[in-house]
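J.: Here you go, this is model_14.cif (mmCIF, C-alpha atoms and all ligand atoms).
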```
data_query
loop_
_atom_site.group_PDB
_atom_site.id
_atom_site.type_symbol
_atom_site.label_atom_id
_atom_site.label_comp_id
_atom_site.auth_asym_id
_atom_site.auth_seq_id
_atom_site.Cartn_x
_atom_site.Cartn_y
_atom_site.Cartn_z
ATOM 1 C CA MET A 1 3.059 4.435 -15.846
ATOM 2 C CA PHE A 2 5.941 4.100 -13.364
ATOM 3 C CA ARG A 3 9.269 2.416 -13.954
ATOM 4 C CA ARG A 4 12.375 2.074 -11.851
ATOM 5 C CA SER A 5 15.193 4.502 -12.500
ATOM 6 C CA ASP A 6 18.757 3.379 -13.102
ATOM 7 C CA LEU A 7 19.566 4.753 -9.661
ATOM 8 C CA ALA A 8 17.192 2.205 -8.160
ATOM 9 C CA ALA A 9 19.385 -0.557 -9.578
ATOM 10 C CA ALA A 10 22.106 0.532 -7.159
ATOM 11 C CA GLY A 11 19.942 -0.740 -4.264
ATOM 12 C CA SER A 12 19.257 -4.299 -3.208
ATOM 13 C CA ASP A 13 18.474 -6.843 -5.903
ATOM 14 C CA ARG A 14 17.019 -9.291 -3.387
ATOM 15 C CA ALA A 15 13.456 -10.107 -4.341
ATOM 16 C CA VAL A 16 10.607 -10.026 -1.832
ATOM 17 C CA THR A 17 7.219 -11.545 -2.663
ATOM 18 C CA LEU A 18 4.096 -10.132 -1.066
ATOM 19 C CA HIS A 19 0.391 -10.126 -1.883
ATOM 20 C CA ILE A 20 -1.303 -6.870 -2.775
ATOM 21 C CA ALA A 21 -5.029 -6.814 -3.554
ATOM 22 C CA ASP A 22 -4.981 -10.607 -4.037
ATOM 23 C CA GLN A 23 -2.075 -10.451 -6.504
ATOM 24 C CA ALA A 24 1.388 -11.864 -5.913
ATOM 25 C CA VAL A 25 3.817 -8.985 -6.375
ATOM 26 C CA THR A 26 7.594 -9.158 -6.462
ATOM 27 C CA ALA A 27 9.395 -6.143 -5.015
ATOM 28 C CA ARG A 28 12.937 -5.364 -4.004
ATOM 29 C CA GLU A 29 14.123 -5.541 -0.438
ATOM 30 C CA GLY A 30 14.004 -1.980 0.893
ATOM 31 C CA ASP A 31 11.039 -0.913 -1.254
ATOM 32 C CA THR A 32 8.092 0.587 0.551
ATOM 33 C CA VAL A 33 4.666 -0.960 0.052
ATOM 34 C CA ALA A 34 3.653 2.122 -1.973
ATOM 35 C CA ALA A 35 6.680 1.758 -4.268
ATOM 36 C CA ALA A 36 5.890 -1.932 -4.753
ATOM 37 C CA MET A 37 2.272 -1.091 -5.605
ATOM 38 C CA LEU A 38 3.214 1.578 -8.129
ATOM 39 C CA ALA A 39 5.928 -0.580 -9.716
ATOM 40 C CA ALA A 40 3.355 -3.369 -10.103
ATOM 41 C CA GLY A 41 0.912 -1.016 -11.835
ATOM 42 C CA LEU A 42 -1.478 -0.851 -8.893
ATOM 43 C CA SER A 43 -2.247 2.796 -8.333
ATOM 44 C CA SER A 44 -5.364 2.809 -6.154
ATOM 45 C CA CYS A 45 -4.759 2.277 -2.427
ATOM 46 C CA ARG A 46 -8.108 3.341 -1.111
ATOM 47 C CA SER A 47 -11.349 5.103 -2.005
ATOM 48 C CA THR A 48 -12.764 8.184 -0.337
ATOM 49 C CA PRO A 49 -15.662 7.861 2.127
ATOM 50 C CA VAL A 50 -17.993 10.369 0.438
ATOM 51 C CA SER A 51 -17.592 9.950 -3.322
ATOM 52 C CA ALA A 52 -15.673 6.652 -3.473
ATOM 53 C CA ALA A 53 -13.037 8.379 -5.609
ATOM 54 C CA PRO A 54 -9.868 6.305 -5.917
ATOM 55 C CA ARG A 55 -6.745 7.573 -4.180
ATOM 56 C CA ALA A 56 -3.133 6.752 -4.987
ATOM 57 C CA PRO A 57 0.120 7.428 -3.165
ATOM 58 C CA TYR A 58 0.887 11.096 -3.707
ATOM 59 C CA CYS A 59 3.591 12.582 -1.491
ATOM 60 C CA LEU A 60 5.479 9.330 -0.745
ATOM 61 C CA MET A 61 6.778 10.833 2.486
ATOM 62 C CA GLY A 62 4.037 10.366 5.064
ATOM 63 C CA VAL A 63 2.206 13.663 4.721
ATOM 64 C CA CYS A 64 -0.906 13.246 2.544
ATOM 65 C CA PHE A 65 -2.379 9.971 3.890
ATOM 66 C CA ASP A 66 -3.653 9.061 0.417
ATOM 67 C CA CYS A 67 -1.774 5.761 0.604
ATOM 68 C CA LEU A 68 -3.691 4.173 3.487
ATOM 69 C CA VAL A 69 -3.970 0.391 3.172
ATOM 70 C CA GLU A 70 -4.508 -2.626 5.374
ATOM 71 C CA ILE A 71 -1.266 -4.500 6.055
ATOM 72 C CA ASP A 72 -1.371 -7.959 7.631
ATOM 73 C CA GLY A 73 -4.805 -7.197 9.097
ATOM 74 C CA ALA A 74 -3.947 -3.767 10.503
ATOM 75 C CA ALA A 75 -6.004 -1.012 8.862
ATOM 76 C CA ASN A 76 -4.955 2.566 8.081
ATOM 77 C CA GLN A 77 -1.272 1.902 7.491
ATOM 78 C CA GLN A 78 0.676 4.417 5.387
ATOM 79 C CA ALA A 79 2.007 2.348 2.489
ATOM 80 C CA CYS A 80 4.731 4.902 1.751
ATOM 81 C CA LEU A 81 6.305 4.434 5.183
ATOM 82 C CA VAL A 82 6.212 0.649 5.544
ATOM 83 C CA PRO A 83 8.983 -1.461 3.967
ATOM 84 C CA VAL A 84 7.964 -4.656 2.207
ATOM 85 C CA ARG A 85 8.418 -7.979 3.969
ATOM 86 C CA GLU A 86 8.291 -11.500 2.567
ATOM 87 C CA GLY A 87 4.735 -12.872 2.729
ATOM 88 C CA MET A 88 3.127 -9.555 3.664
ATOM 89 C CA VAL A 89 -0.575 -9.286 2.794
ATOM 90 C CA VAL A 90 -1.804 -5.862 1.684
ATOM 91 C CA ARG A 91 -5.442 -4.980 1.039
ATOM 92 C CA THR A 92 -6.874 -1.766 -0.345
ATOM 93 C CA GLN A 93 -9.370 0.165 1.770
ATOM 94 C CA GLN A 94 -12.758 1.043 0.353
ATOM 95 C CA GLY A 95 -14.888 3.861 1.703
ATOM 96 C CA ARG A 96 -15.415 4.845 5.292
ATOM 97 C CA ARG A 97 -13.459 3.142 8.043
ATOM 98 C CA GLY A 98 -15.156 2.053 11.208
ATOM 99 C CA VAL A 99 -13.963 3.021 14.665
ATOM 100 C CA ASP A 100 -13.237 -0.617 15.472
ATOM 101 C CA ASP A 101 -11.450 -1.440 12.194
ATOM 102 C CA ALA A 102 -7.964 -0.864 13.554
ATOM 103 C CA ALA A 103 -8.711 -2.985 16.601
ATOM 104 C CA ASP A 104 -10.454 -5.945 14.990
ATOM 105 C CA GLY A 105 -8.113 -6.209 12.039
ATOM 106 C CA HIS A 106 -10.887 -6.510 9.450
ATOM 107 C CA GLY A 107 -10.328 -4.526 6.305
ATOM 108 C CA ASP A 108 -13.926 -4.502 5.170
ATOM 109 C CA ALA A 109 -15.696 -1.176 4.742
ATOM 110 C CA ARG A 110 -18.608 -0.615 7.078
HETATM 111 S S1 LIG B 201 1.796 8.877 -0.087
HETATM 112 FE FE1 LIG B 201 1.382 10.588 1.154
HETATM 113 S S2 LIG B 201 1.305 9.757 3.165
HETATM 114 FE FE2 LIG B 201 1.837 8.101 1.921
#
```
Please rewrite the model in this file as structure tokens.
Ligand code: FES
T.:
Amino acid sequence: MFRRSDLAAAGSDRAVTLHIADQAVTAREGDTVAAAMLAAGLSSCRSTPVSAAPRAPYCLMGVCFDCLVEIDGAANQQACLVPVREGMVVRTQQGRRGVDDAADGHGDAR
């Protein structure tokens, strides 16, 4: 669905490998986590608490909060604002988040 534009080729060509939803994904240095997810064909970052509807990055500028993911054990991170790092581990978030989720680092829905 998404592909990189020719303008993106003007950026860094250095590859960064991270794990998103248990898949090894190669991104470019300077990509955000959301861009890496979309480029890899992974569109669902989280599901809603009430209907479990999937949500994907929408605004890509930190406004809509539809891109919330767990990054390296820290829940509720905006994937569109966090640059990729080598070895980063990203997990999708399913359903309602618990009050303690951000503190305990567990990404499981409760
Ligand atoms: S995509 Fe809207 S806040 Fe990240």
J.: With 6 Å added on each side, what axis-aligned box encloses every listed atom of ligand LIG 201 (chain B)? Give the centre and edge lengths in Å to one decimal, as AutoDock Vina command-line options.
T.:
```
--center_x 1.6 --center_y 9.3 --center_z 1.5 --size_x 12.5 --size_y 14.5 --size_z 15.3
```
J.: Counting all atoms listed in the file, name the residues that have an atom within 8 Å of an atom of ligand LIG 201 (chain B); the answer should be given as a VMD selection string.
T.: chain A and resid 34 56 to 68 78 to 81
J.: Give me, please, the distance in Å between CA of Asp22 in chain A and CA of Ser5 in chain A, quoted to one decimal.
T.: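 Between CA of Asp22 in chain A and CA of Ser5 in chain A the gap works out to 26.6 Å.
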J.: The PyMOL selection byres (((chain A and resi 72) around 9) and not hetatm) - which residues does that actually catch in the file I just gave you? List them as a list of chain:residue names.
T.: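 For this structure, the PyMOL selection byres (((chain A and resi 72) around 9) and not hetatm) captures A:Glu70, A:Ile71, A:Gly73, A:Ala74, A:Ala75, A:Met88, A:Val89, A:Val90, A:Arg91, A:Gly105.
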J.: Name the closest residue to Met37 in chain A among the candidates A:Asn76, A:Thr17, A:Ser12, A:Ser51; distances are taken between atoms, counting only C-alpha atoms.
T.: A:Thr17
J.: Written as JSON, numbers by chain, what is the full residue list that the PyMOL selection byres (((chain A and resi 84) around 9) and not hetatm) yields on the file shown?
T.: {"A": [16, 17, 18, 27, 28, 29, 30, 31, 32, 33, 36, 82, 83, 85, 86, 87, 88]}
J.: Quick one, how far is CA of Ala52 in chain A from CA of Ile20 in chain A?
T.: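 CA of Ile20 in chain A lies at a distance of 19.7 Å from CA of Ala52 in chain A.
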J.: Run the PyMOL selection byres (((chain A and resi 45) around 6) and not hetatm) mentally over the shown coordinates, then write out the matched residues as an MDAnalysis selection string, using the chain letters and numbers from the document.
T.: chainID A and resid 44 46 55:56 67 69 92
J.: In terms of the shortest atom-to-atom distance over only C-alpha atoms, which of A:Phe2, A:Ala53, A:Arg96, A:Gln77 is closest to Ala39 in chain A?
T.: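 Using only C-alpha atoms, the shortest distance to Ala39 in chain A belongs to A:Phe2.
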J.: May I ask for the distance between CA of Met1 in chain A and CA of Ala40 in chain A, given in Å to one decimal place?
T.: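 Distance reported for this atom pair: 9.7 Å.
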